[in-house]
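J.: Contents are PDB, C-alpha atoms; file name protein38.pdb:
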ATOM      1  CA  MET A   1     -13.961 -29.324   2.479
ATOM      2  CA  LYS A   2     -13.191 -28.670  -1.185
ATOM      3  CA  PHE A   3     -10.793 -26.258  -2.856
ATOM      4  CA  LYS A   4     -11.405 -24.606  -6.210
ATOM      5  CA  LYS A   5      -8.143 -24.454  -8.107
ATOM      6  CA  PRO A   6      -7.787 -21.041  -9.808
ATOM      7  CA  ASN A   7      -8.082 -21.601 -13.563
ATOM      8  CA  GLN A   8      -7.363 -18.101 -14.866
ATOM      9  CA  HIS A   9      -3.695 -17.435 -15.567
ATOM     10  CA  GLY A  10      -4.169 -13.671 -15.609
ATOM     11  CA  VAL A  11      -5.303 -13.583 -12.003
ATOM     12  CA  TRP A  12      -1.764 -14.178 -10.744
ATOM     13  CA  ALA A  13      -0.619 -11.023 -12.508
ATOM     14  CA  MET A  14      -3.569  -9.132 -11.027
ATOM     15  CA  LEU A  15      -2.582 -10.300  -7.555
ATOM     16  CA  ILE A  16       1.134  -9.585  -7.826
ATOM     17  CA  MET A  17       1.650  -6.621 -10.197
ATOM     18  CA  PRO A  18      -0.216  -3.893  -8.249
ATOM     19  CA  PHE A  19       1.418  -5.145  -5.052
ATOM     20  CA  LEU A  20       4.876  -4.784  -6.611
ATOM     21  CA  PHE A  21       3.996  -1.391  -8.089
ATOM     22  CA  GLY A  22       3.123  -0.231  -4.578
ATOM     23  CA  VAL A  23       6.386  -1.580  -3.176
ATOM     24  CA  PHE A  24       8.477   0.044  -5.915
ATOM     25  CA  ALA A  25       6.697   3.389  -5.600
ATOM     26  CA  GLY A  26       6.866   3.440  -1.822
ATOM     27  CA  GLU A  27       9.226   1.725   0.552
ATOM     28  CA  PHE A  28       9.424  -1.985   1.353
ATOM     29  CA  ASN A  29       9.066  -3.259   4.894
ATOM     30  CA  LEU A  30       8.336  -6.655   6.417
ATOM     31  CA  PHE A  31       4.628  -5.869   6.760
ATOM     32  CA  HIS A  32       4.408  -6.159   2.972
ATOM     33  CA  LEU A  33       4.989  -9.906   3.352
ATOM     34  CA  LEU A  34       2.045 -10.145   5.728
ATOM     35  CA  PHE A  35      -0.093  -8.156   3.308
ATOM     36  CA  ILE A  36       0.698 -10.275   0.237
ATOM     37  CA  LEU A  37       0.010 -13.444   2.254
ATOM     38  CA  GLY A  38      -3.288 -12.023   3.476
ATOM     39  CA  TRP A  39      -4.173 -10.800  -0.007
ATOM     40  CA  PHE A  40      -3.649 -14.266  -1.516
ATOM     41  CA  LEU A  41      -5.827 -15.710   1.231
ATOM     42  CA  VAL A  42      -8.529 -13.130   0.449
ATOM     43  CA  PHE A  43      -8.409 -14.203  -3.182
ATOM     44  CA  PHE A  44      -8.709 -17.901  -2.332
ATOM     45  CA  ALA A  45     -11.617 -17.134   0.009
ATOM     46  CA  THR A  46     -13.538 -15.057  -2.530
ATOM     47  CA  ASP A  47     -12.762 -17.437  -5.399
ATOM     48  CA  ASN A  48     -14.277 -20.348  -3.492
ATOM     49  CA  LEU A  49     -17.210 -18.210  -2.327
ATOM     50  CA  LEU A  50     -18.041 -16.992  -5.836
ATOM     51  CA  PHE A  51     -17.730 -20.541  -7.177
ATOM     52  CA  TYR A  52     -20.165 -21.732  -4.504
ATOM     53  CA  ILE A  53     -22.606 -18.924  -5.312
ATOM     54  CA  LYS A  54     -22.696 -19.542  -9.055
ATOM     55  CA  LYS A  55     -23.158 -23.331  -8.798
ATOM     56  CA  ARG A  56     -26.753 -24.460  -9.200
ATOM     57  CA  LYS A  57     -26.035 -27.526  -7.085
ATOM     58  CA  LYS A  58     -24.518 -26.136  -3.912
ATOM     59  CA  ASP A  59     -21.539 -27.915  -2.353
ATOM     60  CA  ASN A  60     -20.854 -26.716   1.179
ATOM     61  CA  GLY A  61     -17.259 -27.897   0.874
ATOM     62  CA  TYR A  62     -16.415 -24.771  -1.116
ATOM     63  CA  LEU A  63     -18.180 -22.595   1.436
ATOM     64  CA  LEU A  64     -16.119 -24.162   4.213
ATOM     65  CA  SER A  65     -12.933 -23.486   2.248
ATOM     66  CA  ALA A  66     -14.001 -19.881   1.738
ATOM     67  CA  GLY A  67     -14.596 -19.533   5.467
ATOM     68  CA  MET A  68     -11.235 -21.065   6.369
ATOM     69  CA  PHE A  69      -9.305 -18.817   3.983
ATOM     70  CA  GLY A  70     -11.367 -15.847   5.112
ATOM     71  CA  VAL A  71     -10.482 -16.367   8.775
ATOM     72  CA  LEU A  72      -6.773 -16.731   7.964
ATOM     73  CA  ALA A  73      -6.922 -13.610   5.783
ATOM     74  CA  ALA A  74      -8.631 -11.674   8.580
ATOM     75  CA  LEU A  75      -5.843 -12.644  10.978
ATOM     76  CA  CYS A  76      -3.132 -11.444   8.588
ATOM     77  CA  LEU A  77      -4.847  -8.244   7.538
ATOM     78  CA  GLY A  78      -6.113  -7.557  11.046
ATOM     79  CA  VAL A  79      -2.525  -7.143  12.221
ATOM     80  CA  LEU A  80      -1.952  -4.560   9.483
ATOM     81  CA  ILE A  81      -5.145  -2.694  10.349
ATOM     82  CA  LEU A  82      -4.198  -2.562  14.034
ATOM     83  CA  ARG A  83      -0.879  -1.029  12.976
ATOM     84  CA  GLN A  84      -2.425   1.300  10.388
ATOM     85  CA  PRO A  85      -6.181   1.803  11.006
ATOM     86  CA  SER A  86      -6.327   4.046   7.924
ATOM     87  CA  LEU A  87      -6.128   0.883   5.804
ATOM     88  CA  LEU A  88      -9.822   0.358   6.562
ATOM     89  CA  PHE A  89     -10.517   3.199   4.134
ATOM     90  CA  PHE A  90      -9.007   1.223   1.254
ATOM     91  CA  PHE A  91     -10.666  -2.050   2.185
ATOM     92  CA  GLY A  92     -13.958  -0.203   2.489
ATOM     93  CA  MET A  93     -13.551   1.125  -1.047
ATOM     94  CA  MET A  94     -13.337  -2.459  -2.293
ATOM     95  CA  ILE A  95     -16.678  -3.525  -0.821
ATOM     96  CA  PRO A  96     -19.099  -2.163  -3.476
ATOM     97  CA  PHE A  97     -16.999  -3.658  -6.268
ATOM     98  CA  GLY A  98     -16.857  -6.964  -4.424
ATOM     99  CA  GLY A  99     -20.643  -6.754  -4.223
ATOM    100  CA  LEU A 100     -20.797  -6.472  -8.009
ATOM    101  CA  ASN A 101     -18.630  -9.592  -8.330
ATOM    102  CA  ILE A 102     -21.031 -11.464  -6.060
ATOM    103  CA  TYR A 103     -24.008 -10.244  -8.101
ATOM    104  CA  PHE A 104     -22.544 -11.386 -11.421
ATOM    105  CA  ALA A 105     -21.599 -14.747  -9.895
ATOM    106  CA  SER A 106     -25.179 -15.174  -8.664
ATOM    107  CA  ILE A 107     -26.550 -14.665 -12.190
ATOM    108  CA  ARG A 108     -23.695 -16.708 -13.719
ATOM    109  CA  ASP A 109     -22.479 -13.816 -15.860
ATOM    110  CA  GLU A 110     -18.880 -13.627 -14.684
ATOM    111  CA  ARG A 111     -17.618 -12.753 -18.172
ATOM    112  CA  ASN A 112     -19.517  -9.473 -18.115
ATOM    113  CA  VAL A 113     -17.209  -6.507 -18.743
ATOM    114  CA  LEU A 114     -18.542  -4.724 -15.654
ATOM    115  CA  ASN A 115     -17.583  -7.730 -13.558
ATOM    116  CA  ASP A 116     -14.083  -7.675 -15.033
ATOM    117  CA  LEU A 117     -13.722  -3.947 -14.419
ATOM    118  CA  SER A 118     -14.907  -4.341 -10.827
ATOM    119  CA  ALA A 119     -12.213  -6.951 -10.222
ATOM    120  CA  VAL A 120      -9.582  -4.719 -11.841
ATOM    121  CA  ILE A 121     -10.531  -1.825  -9.550
ATOM    122  CA  ILE A 122     -10.245  -4.072  -6.488
ATOM    123  CA  PHE A 123      -6.792  -5.310  -7.484
ATOM    124  CA  SER A 124      -5.686  -1.760  -8.306
ATOM    125  CA  ILE A 125      -6.804  -0.577  -4.864
ATOM    126  CA  ALA A 126      -4.657  -3.372  -3.430
ATOM    127  CA  GLY A 127      -1.703  -1.644  -5.084
ATOM    128  CA  CYS A 128      -2.609   1.517  -3.174
ATOM    129  CA  ILE A 129      -2.629  -0.476   0.066
ATOM    130  CA  SER A 130       0.821  -1.841  -0.748
ATOM    131  CA  TYR A 131       2.061   1.701  -1.297
ATOM    132  CA  PHE A 132       0.427   2.999   1.887
ATOM    133  CA  ILE A 133       2.011   0.256   4.014
ATOM    134  CA  GLY A 134       5.470   1.504   3.106
ATOM    135  CA  HIS A 135       4.739   5.190   2.597
ATOM    136  CA  GLU A 136       1.807   6.356   4.687
ATOM    137  CA  GLU A 137       0.607   9.157   2.430
ATOM    138  CA  LEU A 138      -2.163   9.779  -0.086
ATOM    139  CA  ASP A 139      -0.168  11.391  -2.868
ATOM    140  CA  GLY A 140       0.557  11.425  -6.570
ATOM    141  CA  GLU A 141       2.710   8.308  -6.456
ATOM    142  CA  MET A 142      -0.200   6.317  -5.064
ATOM    143  CA  ILE A 143      -2.412   7.596  -7.877
ATOM    144  CA  LYS A 144       0.189   6.391 -10.372
ATOM    145  CA  VAL A 145       0.163   2.923  -8.789
ATOM    146  CA  PHE A 146      -3.612   2.761  -9.214
ATOM    147  CA  VAL A 147      -3.685   4.214 -12.742
ATOM    148  CA  PHE A 148      -0.826   2.066 -14.080
ATOM    149  CA  SER A 149      -2.491  -1.075 -12.710
ATOM    150  CA  PHE A 150      -5.958  -0.153 -13.924
ATOM    151  CA  LEU A 151      -4.953   0.850 -17.460
ATOM    152  CA  TYR A 152      -2.784  -2.219 -17.985
ATOM    153  CA  PHE A 153      -5.460  -4.653 -16.830
ATOM    154  CA  VAL A 154      -8.206  -2.984 -18.885
ATOM    155  CA  GLY A 155      -6.037  -3.623 -21.934
ATOM    156  CA  THR A 156      -5.591  -7.223 -20.845
ATOM    157  CA  ILE A 157      -9.364  -7.658 -20.540
ATOM    158  CA  LEU A 158      -9.923  -6.404 -24.084
ATOM    159  CA  TYR A 159      -7.081  -8.500 -25.495
ATOM    160  CA  VAL A 160      -8.205 -11.737 -23.841
ATOM    161  CA  LYS A 161     -11.791 -11.206 -24.988
ATOM    162  CA  THR A 162     -10.617 -10.811 -28.613
ATOM    163  CA  MET A 163      -8.669 -14.062 -28.265
ATOM    164  CA  ILE A 164     -11.335 -16.216 -26.595
ATOM    165  CA  ARG A 165     -14.901 -15.077 -25.884
ATOM    166  CA  GLU A 166     -15.246 -12.323 -28.484
ATOM    167  CA  LYS A 167     -12.731 -13.389 -31.128
ATOM    168  CA  ARG A 168     -15.305 -12.985 -33.902
ATOM    169  CA  ASN A 169     -16.585  -9.659 -32.608
ATOM    170  CA  VAL A 170     -15.172  -6.909 -34.840
ATOM    171  CA  LYS A 171     -16.183  -4.196 -32.368
ATOM    172  CA  TYR A 172     -14.001  -5.742 -29.679
ATOM    173  CA  LYS A 173     -11.177  -6.107 -32.180
ATOM    174  CA  TRP A 174     -11.074  -2.405 -32.986
ATOM    175  CA  LEU A 175     -11.731  -1.416 -29.398
ATOM    176  CA  SER A 176      -8.712  -3.464 -28.327
ATOM    177  CA  PHE A 177      -6.487  -2.145 -31.125
ATOM    178  CA  SER A 178      -7.494   1.470 -30.489
ATOM    179  CA  TYR A 179      -7.116   1.190 -26.737
ATOM    180  CA  HIS A 180      -3.619  -0.271 -26.952
ATOM    181  CA  MET A 181      -2.514   2.332 -29.503
ATOM    182  CA  LEU A 182      -3.730   5.129 -27.238
ATOM    183  CA  LEU A 183      -2.060   3.431 -24.283
ATOM    184  CA  VAL A 184       1.307   3.450 -26.055
ATOM    185  CA  VAL A 185       0.925   7.092 -27.112
ATOM    186  CA  ALA A 186      -0.097   8.124 -23.595
ATOM    187  CA  GLY A 187       2.714   6.046 -22.125
ATOM    188  CA  PHE A 188       5.430   7.756 -24.170
ATOM    189  CA  TRP A 189       3.838  11.138 -23.509
ATOM    190  CA  PHE A 190       4.008  10.451 -19.778
ATOM    191  CA  HIS A 191       7.497   8.903 -19.660
ATOM    192  CA  VAL A 192       9.637   6.893 -22.063
ATOM    193  CA  LEU A 193       9.933   3.964 -19.632
ATOM    194  CA  ILE A 194       6.150   3.667 -19.353
ATOM    195  CA  GLY A 195       5.839   3.892 -23.136
ATOM    196  CA  ILE A 196       8.348   1.068 -23.596
ATOM    197  CA  ALA A 197       6.506  -0.963 -20.951
ATOM    198  CA  VAL A 198       3.274  -1.105 -22.967
ATOM    199  CA  VAL A 199       4.657  -1.542 -26.496
ATOM    200  CA  PRO A 200       4.597  -5.388 -26.316
ATOM    201  CA  SER A 201       0.947  -5.206 -25.235
ATOM    202  CA  LEU A 202       0.093  -3.411 -28.481
ATOM    203  CA  ILE A 203       2.168  -5.841 -30.555
ATOM    204  CA  ARG A 204       0.510  -8.939 -29.095
ATOM    205  CA  ALA A 205      -2.970  -7.390 -29.349
ATOM    206  CA  ILE A 206      -2.526  -6.889 -33.108
ATOM    207  CA  THR A 207      -0.328  -9.808 -34.188
ATOM    208  CA  PHE A 208      -2.101 -12.481 -32.130
ATOM    209  CA  TYR A 209      -5.585 -11.442 -33.217
ATOM    210  CA  GLY A 210      -7.324 -14.142 -35.256
ATOM    211  CA  LYS A 211      -4.898 -16.865 -34.177
ATOM    212  CA  ASN A 212      -6.383 -20.001 -32.648
ATOM    213  CA  TYR A 213      -4.106 -20.182 -29.646
ATOM    214  CA  LYS A 214      -5.056 -22.340 -26.683
ATOM    215  CA  PRO A 215      -5.844 -20.550 -23.404
ATOM    216  CA  MET A 216      -2.670 -22.012 -21.886
ATOM    217  CA  LYS A 217      -0.486 -20.349 -24.534
ATOM    218  CA  ILE A 218      -2.372 -17.069 -24.173
ATOM    219  CA  GLY A 219      -1.800 -17.252 -20.423
ATOM    220  CA  ILE A 220       1.926 -17.924 -20.777
ATOM    221  CA  VAL A 221       2.322 -14.955 -23.119
ATOM    222  CA  GLU A 222       0.425 -12.781 -20.642
ATOM    223  CA  ILE A 223       2.730 -13.832 -17.818
ATOM    224  CA  ALA A 224       5.772 -12.896 -19.929
ATOM    225  CA  ASN A 225       4.179  -9.570 -20.859
ATOM    226  CA  ALA A 226       3.290  -8.876 -17.232
ATOM    227  CA  CYS A 227       6.925  -9.463 -16.222
ATOM    228  CA  PHE A 228       8.079  -7.050 -18.941
ATOM    229  CA  VAL A 229       5.631  -4.353 -17.833
ATOM    230  CA  THR A 230       6.537  -4.828 -14.171
ATOM    231  CA  PHE A 231      10.256  -4.488 -14.944
ATOM    232  CA  PHE A 232       9.888  -1.159 -16.739
ATOM    233  CA  VAL A 233       7.387   0.228 -14.247
ATOM    234  CA  ALA A 234       9.882  -0.691 -11.524
ATOM    235  CA  LEU A 235      12.591   1.210 -13.410
ATOM    236  CA  TYR A 236      10.274   4.204 -13.593
ATOM    237  CA  PHE A 237       9.501   4.247  -9.864
ATOM    238  CA  LEU A 238      13.100   3.535  -8.829
ATOM    239  CA  LYS A 239      14.744   6.000 -11.210
TER     240      LYS A 239
END
Render the structure in this file as structure tokens.
T.:
Amino acid sequence: MKFKKPNQHGVWAMLIMPFLFGVFAGEFNLFHLLFILGWFLVFFATDNLLFYIKKRKKDNGYLLSAGMFGVLAALCLGVLILRQPSLLFFFGMMIPFGGLNIYFASIRDERNVLNDLSAVIIFSIAGCISYFIGHEELDGEMIKVFVFSFLYFVGTILYVKTMIREKRNVKYKWLSFSYHMLLVVAGFWFHVLIGIAVVPSLIRAITFYGKNYKPMKIGIVEIANACFVTFFVALYFLK
């Protein structure tokens, strides 16, 4: 049995931020702890599975790890589904986007924007699940959890691409700059706390562009930015 160590710093934010948004927007209960444990196990299972799929030389050790994490995840999430069968609706919504992730892994094109967007949608839906666990309603607050998560992570995708894979691509540069500017304007239009939350994202997108920072430094900055965004989004939901 082998374990693939996650090597993308941004994935931790994608796992945790939507979950916290859902908690802040709804109401915390102990079942949230079971969900976040199960959700991490789902991630470890799929990460090992996708790694196995994309490798030309297959190593069944990763497949065994994926199976082990998958079984543990099913046990955790199964308890939640027995308590709230409606959660199957949300997990079902994730399936087609998970299928896209598998497809891009099979053709070794994981950096494709569509693959990134599919992952973002999955993580954003997880935020809706977090909300539903504490506040069993499909309402405007749940939509906010999804939209806040989705819009923030789309900006992160564009920013990271301009810093690493597409740093010489002028189209991505202006797409990132424009997107973050619009995000700030929309944020302040919606609520001052949301506007403040995304200002650092615009600043780092512009000031860091063209700098030869190592992925580790980019990841650390993203973690700090994610904490800042989470704090102000929490203030918004708890106001």
J.: By how many Å are CA of Leu202 (chain A) and CA of Trp189 (chain A) apart?
T.: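 So the answer is 15.8 Å.
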J.: What gap, in Å, lies between CA of Thr156 (chain A) and CA of Gly140 (chain A)?
T.: 24.3 Å
J.: Could you tell me, as an MDAnalysis selection string, exactly which residues end up selected when the PyMOL selection byres ((chain A and resi 129) around 10) is applied to this structure?
T.: chainID A and resid 18:19 22:23 32 35 86:91 123:128 130:136 142 145:146
J.: Taking the file as shown, what set of residues would the PyMOL selection byres ((chain A and resi 172-184) around 7) give back, as a PyMOL selection string?
T.: chain A and resi 155+158-159+162+166+169-171+185-188+195+198-199+201-202+205-206
J.: Take every atom of region 184-188 of chain A listed in the file, fit an axis-aligned box around them, add 4 Å per side, and give the centre and edge lengths in Å to one decimal as lines of an AutoDock Vina configuration file.
T.:
center_x = 2.7
center_y = 5.8
center_z = -24.6
size_x = 13.5
size_y = 12.7
size_z = 13.0
J.: Using all atoms listed in the file, which of the listed residues (A:Ile157, A:Ile81, A:Ala25, A:Ala105) sits closest to Ile53 (chain A)?
T.: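 Closest to Ile53 (chain A), using all atoms listed in the file: A:Ala105.
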J.: Could you tell me, as a PDB file with C-alpha atoms, keeping the file's coordinate frame, exactly which residues end up selected when the PyMOL selection byres ((chain A and resi 66-70) around 12) is applied to this structure?
T.:
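Final output, out35.pdb:
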ATOM      1  CA  MET A   1     -13.961 -29.324   2.479  1.00  0.00           C
ATOM      2  CA  LYS A   2     -13.191 -28.670  -1.185  1.00  0.00           C
ATOM      3  CA  PHE A   3     -10.793 -26.258  -2.856  1.00  0.00           C
ATOM      4  CA  LYS A   4     -11.405 -24.606  -6.210  1.00  0.00           C
ATOM      5  CA  LEU A  37       0.010 -13.444   2.254  1.00  0.00           C
ATOM      6  CA  GLY A  38      -3.288 -12.023   3.476  1.00  0.00           C
ATOM      7  CA  TRP A  39      -4.173 -10.800  -0.007  1.00  0.00           C
ATOM      8  CA  PHE A  40      -3.649 -14.266  -1.516  1.00  0.00           C
ATOM      9  CA  LEU A  41      -5.827 -15.710   1.231  1.00  0.00           C
ATOM     10  CA  VAL A  42      -8.529 -13.130   0.449  1.00  0.00           C
ATOM     11  CA  PHE A  43      -8.409 -14.203  -3.182  1.00  0.00           C
ATOM     12  CA  PHE A  44      -8.709 -17.901  -2.332  1.00  0.00           C
ATOM     13  CA  ALA A  45     -11.617 -17.134   0.009  1.00  0.00           C
ATOM     14  CA  THR A  46     -13.538 -15.057  -2.530  1.00  0.00           C
ATOM     15  CA  ASP A  47     -12.762 -17.437  -5.399  1.00  0.00           C
ATOM     16  CA  ASN A  48     -14.277 -20.348  -3.492  1.00  0.00           C
ATOM     17  CA  LEU A  49     -17.210 -18.210  -2.327  1.00  0.00           C
ATOM     18  CA  LEU A  50     -18.041 -16.992  -5.836  1.00  0.00           C
ATOM     19  CA  PHE A  51     -17.730 -20.541  -7.177  1.00  0.00           C
ATOM     20  CA  TYR A  52     -20.165 -21.732  -4.504  1.00  0.00           C
ATOM     21  CA  ILE A  53     -22.606 -18.924  -5.312  1.00  0.00           C
ATOM     22  CA  ASP A  59     -21.539 -27.915  -2.353  1.00  0.00           C
ATOM     23  CA  ASN A  60     -20.854 -26.716   1.179  1.00  0.00           C
ATOM     24  CA  GLY A  61     -17.259 -27.897   0.874  1.00  0.00           C
ATOM     25  CA  TYR A  62     -16.415 -24.771  -1.116  1.00  0.00           C
ATOM     26  CA  LEU A  63     -18.180 -22.595   1.436  1.00  0.00           C
ATOM     27  CA  LEU A  64     -16.119 -24.162   4.213  1.00  0.00           C
ATOM     28  CA  SER A  65     -12.933 -23.486   2.248  1.00  0.00           C
ATOM     29  CA  VAL A  71     -10.482 -16.367   8.775  1.00  0.00           C
ATOM     30  CA  LEU A  72      -6.773 -16.731   7.964  1.00  0.00           C
ATOM     31  CA  ALA A  73      -6.922 -13.610   5.783  1.00  0.00           C
ATOM     32  CA  ALA A  74      -8.631 -11.674   8.580  1.00  0.00           C
ATOM     33  CA  LEU A  75      -5.843 -12.644  10.978  1.00  0.00           C
ATOM     34  CA  CYS A  76      -3.132 -11.444   8.588  1.00  0.00           C
ATOM     35  CA  LEU A  77      -4.847  -8.244   7.538  1.00  0.00           C
ATOM     36  CA  GLY A  78      -6.113  -7.557  11.046  1.00  0.00           C
TER      37      GLY A  78
END
